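The structure file my_file-v4.csv is reproduced below (CSV, C-alpha atoms).
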```csv
chain,number,residue,atom,x,y,z
K,264,MET,CA,0.0,0.0,0.0
K,265,LYS,CA,1.4,3.4,-0.9
K,266,THR,CA,1.2,6.1,1.8
K,267,PRO,CA,0.2,9.6,0.8
K,268,ALA,CA,3.0,12.2,1.0
K,269,ALA,CA,1.0,14.3,3.5
K,270,LEU,CA,0.8,11.5,6.0
K,271,ILE,CA,4.5,10.6,5.6
K,272,ALA,CA,5.4,14.3,6.3
K,273,MET,CA,3.1,14.3,9.3
K,274,LEU,CA,4.7,11.3,10.9
K,275,ALA,CA,8.2,12.4,10.0
K,276,LEU,CA,7.7,15.8,11.8
K,277,THR,CA,6.4,14.3,15.0
K,278,PRO,CA,9.7,13.5,16.8
K,279,ALA,CA,10.8,17.1,16.2
K,280,VAL,CA,8.1,18.6,18.4
K,281,PRO,CA,9.6,19.9,21.7
K,282,ALA,CA,9.4,17.7,24.8
K,283,MET,CA,8.8,18.5,28.5
K,284,ALA,CA,10.9,17.1,31.3
K,285,THR,CA,10.2,17.3,35.0
K,286,ILE,CA,11.8,19.1,37.9
K,287,ILE,CA,11.6,16.4,40.5
K,288,ASP,CA,10.9,18.4,43.6
K,289,GLY,CA,12.3,21.1,45.9
K,290,THR,CA,12.1,22.5,49.4
K,291,VAL,CA,12.5,25.7,51.3
K,292,THR,CA,14.7,25.2,54.4
K,293,GLY,CA,15.6,28.7,55.7
K,294,GLY,CA,15.4,32.5,55.6
K,295,THR,CA,12.4,34.7,56.3
K,296,ALA,CA,10.6,33.0,53.5
K,297,HIS,CA,10.7,29.7,55.4
K,298,THR,CA,9.4,31.5,58.5
K,299,ALA,CA,6.5,32.9,56.5
K,300,GLY,CA,5.5,29.4,55.3
K,301,GLY,CA,7.2,29.4,51.9
K,302,THR,CA,7.5,26.1,50.0
K,303,PHE,CA,8.7,25.0,46.6
K,304,LEU,CA,6.1,24.9,43.9
K,305,LYS,CA,6.7,23.4,40.4
K,306,LEU,CA,4.7,25.3,37.8
K,307,THR,CA,3.2,24.2,34.5
K,308,VAL,CA,2.7,26.3,31.4
K,309,PRO,CA,0.5,28.3,31.1
K,310,LEU,CA,1.7,29.9,34.4
K,311,SER,CA,-1.0,30.6,36.9
K,312,ASN,CA,0.5,33.8,38.3
K,313,PRO,CA,-1.9,35.8,40.5
K,314,LEU,CA,-0.7,39.2,39.4
K,315,GLY,CA,0.2,41.0,36.1
K,316,PRO,CA,-0.4,39.7,32.6
K,317,PRO,CA,-1.6,36.1,32.3
K,318,ASN,CA,1.1,33.5,31.9
K,319,SER,CA,4.0,35.8,32.8
K,320,VAL,CA,7.0,35.9,35.1
K,321,GLY,CA,9.6,38.6,36.0
K,322,ASP,CA,7.7,41.7,37.2
K,323,ASP,CA,6.1,41.0,40.6
K,324,THR,CA,3.7,38.5,39.1
K,325,PHE,CA,3.7,36.2,42.1
K,326,GLN,CA,4.6,38.1,45.3
K,327,THR,CA,4.8,35.2,47.7
K,328,PRO,CA,7.5,33.6,49.9
K,329,ASN,CA,7.5,30.5,47.7
K,330,LEU,CA,10.4,29.2,45.5
K,331,TYR,CA,9.1,28.4,42.0
K,332,GLY,CA,10.4,26.5,39.0
K,333,PHE,CA,9.2,25.5,35.6
K,334,ASP,CA,10.7,23.6,32.7
K,335,GLU,CA,11.9,25.4,29.5
K,336,ASP,CA,13.2,23.8,26.3
K,337,GLN,CA,14.4,20.2,26.8
K,338,ASN,CA,17.1,18.1,25.3
K,339,ILE,CA,18.4,20.9,23.0
K,340,LEU,CA,21.7,20.3,21.1
K,341,LEU,CA,23.9,23.4,21.5
K,342,ALA,CA,25.0,24.8,18.1
K,343,ALA,CA,27.7,27.0,19.7
K,344,PRO,CA,29.6,27.1,23.0
K,345,LEU,CA,27.5,28.7,25.9
K,346,VAL,CA,29.1,30.8,28.6
K,347,VAL,CA,27.6,30.1,32.1
K,348,ASP,CA,28.1,31.6,35.6
K,349,VAL,CA,28.3,28.4,37.7
K,350,GLY,CA,29.7,25.1,36.4
K,351,THR,CA,32.3,24.4,33.6
K,352,SER,CA,32.2,27.4,31.2
K,353,PRO,CA,31.7,27.4,28.3
K,354,ILE,CA,29.5,24.4,27.8
K,355,PRO,CA,30.9,23.0,24.5
K,356,ALA,CA,28.9,23.1,21.2
K,357,GLY,CA,27.3,19.7,20.6
K,358,THR,CA,26.2,19.3,24.2
K,359,THR,CA,22.6,18.3,24.8
K,360,VAL,CA,21.0,20.4,27.6
K,361,ALA,CA,17.6,20.7,29.3
K,362,SER,CA,16.7,24.1,30.6
K,363,HIS,CA,14.8,25.0,33.8
K,364,TYR,CA,13.8,28.4,35.2
K,365,ILE,CA,14.0,28.9,39.0
K,366,PHE,CA,12.8,32.0,40.8
K,367,PHE,CA,11.9,33.8,44.0
K,368,ASP,CA,9.4,36.6,43.7
K,369,PRO,CA,8.4,37.8,47.2
K,370,GLY,CA,6.4,40.9,48.2
K,371,PRO,CA,8.5,42.9,50.7
K,372,THR,CA,12.2,42.1,50.9
K,373,GLN,CA,12.7,38.5,52.1
K,374,THR,CA,15.5,36.0,52.3
K,375,ILE,CA,15.3,32.4,51.2
K,376,ILE,CA,17.3,29.2,51.4
K,377,GLY,CA,16.1,26.2,49.4
K,378,THR,CA,17.0,23.3,47.2
K,379,VAL,CA,15.7,22.0,43.9
K,380,ASN,CA,16.2,18.5,42.5
K,381,PHE,CA,16.3,17.5,38.8
K,382,ASP,CA,15.9,14.3,36.8
K,383,SER,CA,19.4,14.5,35.4
K,384,ASP,CA,22.9,15.9,36.3
K,385,VAL,CA,23.2,19.7,36.7
K,386,LEU,CA,25.7,21.1,34.2
K,387,ALA,CA,25.5,24.8,34.9
K,388,ILE,CA,23.6,27.7,36.2
K,389,LEU,CA,23.1,31.1,34.6
K,390,THR,CA,22.8,34.0,37.1
K,391,SER,CA,24.0,37.1,35.4
K,392,THR,CA,21.9,39.5,33.2
K,393,THR,CA,24.1,39.0,30.2
K,394,ASN,CA,24.4,35.2,30.3
K,395,LEU,CA,20.6,34.8,31.0
K,396,ALA,CA,19.9,36.9,27.9
K,397,ASN,CA,22.3,34.9,25.8
K,398,ALA,CA,20.5,31.7,26.8
K,399,ASP,CA,17.0,33.0,26.2
K,400,PHE,CA,16.8,30.8,23.1
K,401,LEU,CA,16.2,28.0,25.6
K,402,ALA,CA,13.2,29.9,27.1
K,403,ASN,CA,9.7,28.4,27.1
K,404,THR,CA,8.0,30.0,24.1
K,405,GLY,CA,4.6,29.8,25.8
K,406,VAL,CA,5.6,32.2,28.7
K,407,ASN,CA,5.9,36.0,28.8
K,408,TYR,CA,9.3,36.9,30.3
K,409,LEU,CA,9.0,40.4,31.7
K,410,ASN,CA,11.8,42.8,32.6
K,411,PRO,CA,14.6,40.6,31.2
K,412,THR,CA,17.2,43.4,31.8
K,413,LEU,CA,16.5,43.4,35.5
K,414,ARG,CA,17.4,39.7,36.0
K,415,GLY,CA,20.7,38.8,37.6
K,416,LEU,CA,21.7,38.1,41.2
K,417,GLU,CA,23.1,40.8,43.4
K,418,ALA,CA,26.2,40.8,45.7
K,419,GLY,CA,25.6,38.4,48.5
K,420,ASP,CA,23.2,36.2,46.6
K,421,SER,CA,24.2,32.8,45.4
K,422,VAL,CA,22.8,29.8,43.6
K,423,THR,CA,25.2,26.9,43.5
K,424,ILE,CA,25.4,23.2,42.5
K,425,SER,CA,24.9,21.4,45.8
K,426,GLY,CA,24.6,17.9,44.5
K,427,THR,CA,24.9,15.9,41.3
K,428,ARG,CA,21.3,16.7,40.5
K,429,GLN,CA,20.6,19.5,42.9
K,430,ILE,CA,21.0,23.2,43.3
K,431,LEU,CA,21.1,25.4,46.4
K,432,PHE,CA,19.2,28.7,46.2
K,433,ASN,CA,20.3,31.3,48.8
K,434,THR,CA,19.2,34.9,48.0
K,435,SER,CA,17.6,38.0,49.3
K,436,ALA,CA,15.0,39.5,47.0
K,437,SER,CA,12.5,42.3,46.6
K,438,THR,CA,11.2,43.8,43.4
K,439,PRO,CA,11.2,42.3,40.8
K,440,GLY,CA,12.6,39.1,42.4
K,441,ASP,CA,15.6,36.7,41.7
K,442,TYR,CA,15.6,34.5,38.5
K,443,VAL,CA,18.1,31.9,37.3
K,444,ARG,CA,18.3,29.3,34.6
K,445,VAL,CA,19.6,25.8,35.4
K,446,LEU,CA,20.9,23.6,32.6
K,447,THR,CA,20.9,19.9,33.1
K,448,ALA,CA,22.2,17.0,31.0
K,449,PHE,CA,19.9,15.1,28.6
K,450,SER,CA,16.6,14.6,30.5
K,451,PRO,CA,15.4,11.0,30.6
K,452,GLY,CA,12.1,12.2,31.9
K,453,ALA,CA,11.3,14.2,28.8
K,454,VAL,CA,8.0,13.1,27.3
K,455,PRO,CA,6.2,14.4,24.2
K,456,GLU,CA,4.0,17.4,24.6
K,457,PRO,CA,0.2,16.9,24.1
K,458,ALA,CA,0.5,18.6,20.6
K,459,SER,CA,3.1,16.0,19.6
K,460,LEU,CA,0.9,13.1,20.8
K,461,ALA,CA,-2.1,14.5,19.0
K,462,LEU,CA,0.0,14.9,15.8
K,463,LEU,CA,1.2,11.3,16.0
K,464,GLY,CA,-2.2,10.0,16.9
K,465,GLY,CA,-3.7,11.9,13.9
K,466,GLY,CA,-1.2,10.4,11.6
K,467,LEU,CA,-1.8,6.8,12.8
K,468,VAL,CA,-5.5,7.2,12.6
K,469,GLY,CA,-5.2,8.6,9.1
K,470,LEU,CA,-3.2,5.6,8.0
K,471,ALA,CA,-5.7,3.2,9.6
K,472,VAL,CA,-8.6,4.9,7.8
K,473,LEU,CA,-6.8,4.9,4.5
K,474,ARG,CA,-5.9,1.2,4.8
K,475,LYS,CA,-9.5,0.3,5.6
K,476,VAL,CA,-10.9,2.4,2.6
K,477,ARG,CA,-8.4,0.8,0.2
K,478,THR,CA,-9.2,-2.7,1.5
K,479,ARG,CA,-12.9,-2.2,0.9
K,480,ALA,CA,-12.2,-0.8,-2.5
K,481,ARG,CA,-10.2,-3.9,-3.4
K,482,ARG,CA,-13.0,-6.2,-2.2
K,483,ARG,CA,-15.6,-4.4,-4.2
K,484,GLY,CA,-13.3,-4.6,-7.3
K,485,SER,CA,-12.9,-8.4,-6.8
K,486,ALA,CA,-16.7,-8.9,-6.4
K,487,ALA,CA,-17.4,-6.9,-9.5
K,488,TYR,CA,-14.9,-8.9,-11.5
K,489,CYS,CA,-16.5,-12.2,-10.3
K,490,VAL,CA,-20.0,-11.2,-11.3
K,491,PHE,CA,-18.8,-10.0,-14.7
K,492,GLY,CA,-17.0,-13.3,-15.3
K,493,ALA,CA,-20.1,-15.3,-14.4
K,494,SER,CA,-22.2,-13.6,-17.0
K,495,GLN,CA,-19.9,-14.6,-19.9
```

Will you turn the file into structure tokens for me?
Amino acid sequence: MKTPAALIAMLALTPAVPAMATIIDGTVTGGTAHTAGGTFLKLTVPLSNPLGPPNSVGDDTFQTPNLYGFDEDQNILLAAPLVVDVGTSPIPAGTTVASHYIFFDPGPTQTIIGTVNFDSDVLAILTSTTNLANADFLANTGVNYLNPTLRGLEAGDSVTISGTRQILFNTSASTPGDYVRVLTAFSPGAVPEPASLALLGGGLVGLAVLRKVRTRARRRGSAAYCVFGASQ
């Protein structure tokens, strides 16, 4: 059976759709944020920020004592070396990375100490305004990143690699908050996004329907031939 070019193209494009990995978990262990009841919360896109434009981060859009994180682009092959602030720099071209955005956006000035765990080894952390901007090609395209020029940790703040698959977040923040990007190695937890699954499912259903239609057509053709032969 020949497969139409449109269905072949649909199936061929399916693996190229981005995938989402998971930040495993995290915890807030110290600082005034801990005293205020702050916890770690993993977000999913679209972001459910209580303030500011929908699905946005970076401009007092959360204003809580919590530590937040969400996944950005996953399992991306770097086309060029990438300079980072924490970890071996630069990360060589040809390295596969998964990106995650971690932030603390309190109301009044608060301090926080917390950890975040990932499903693969932590390669690097970007904490400076320049390096964050240079790595924005890894950002989640479904999110509105506000005030990108105000990102970057201040003196006395630190986000470090505290374990093979863990970071330690230790900062003091007010407006507009503290934001960092964590790069991990290839993420084994990456799974196709719903759009990818729908595309694959649509292609498979299309092939099944086409196969059924052509099978019926062949059966009808055979039946017609037999009737015609019997009349000779």

Would you pick out the contacts of Thr358 of chain K at 8 Å or less, using all atoms listed in the file, so that residues sharing its chain but fewer than 2 positions from it are not included, and give the list as an MDAnalysis selection string?
chainID K and resid 340:341 354:356 360

What would the file look like if the residues just selected were written as a compact mmCIF listing (two decimals), in the frame of the given file with C-alpha atoms?
```txt
# COMPACT_ATOMS: atom_id res chain seq x y z
CA LEU K 340 21.70 20.30 21.10
CA LEU K 341 23.90 23.40 21.50
CA ILE K 354 29.50 24.40 27.80
CA PRO K 355 30.90 23.00 24.50
CA ALA K 356 28.90 23.10 21.20
CA VAL K 360 21.00 20.40 27.60
```

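Among K:Val308, K:Val445, K:Val347, K:Ala296, the residue with the shortest atom-to-atom distance to Pro328 of chain K, counting all atoms listed in the file, is K:Ala296.
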
Leaving out segment 424-429 of chain K and any residue of its chain fewer than 4 positions from it, which residues lie within 7 Å of it when counting only C-alpha atoms, given as an MDAnalysis selection string?
chainID K and resid 378:385

What's around Tyr364 of chain K at 10 Å? Count only C-alpha atoms, leave out sequence neighbours fewer than 4 positions away in its own chain, and write the answer as a VMD selection string.
chain K and resid 286 306 331 to 335 388 to 389 401 to 403 442 to 446

To one decimal in Å, tell me the separation between atom CA of Ala343 of chain K and atom CA of Gly405 of chain K.
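Value for the atom CA of Ala343 of chain K-atom CA of Gly405 of chain K distance: 24.1 Å.
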
With only C-alpha atoms as the counted atoms, please give the residues lying no more than 7 Å from Val422 of chain K, apart from itself and same-chain residues fewer than 4 positions off, as a PyMOL selection string.
chain K and resi 430-433
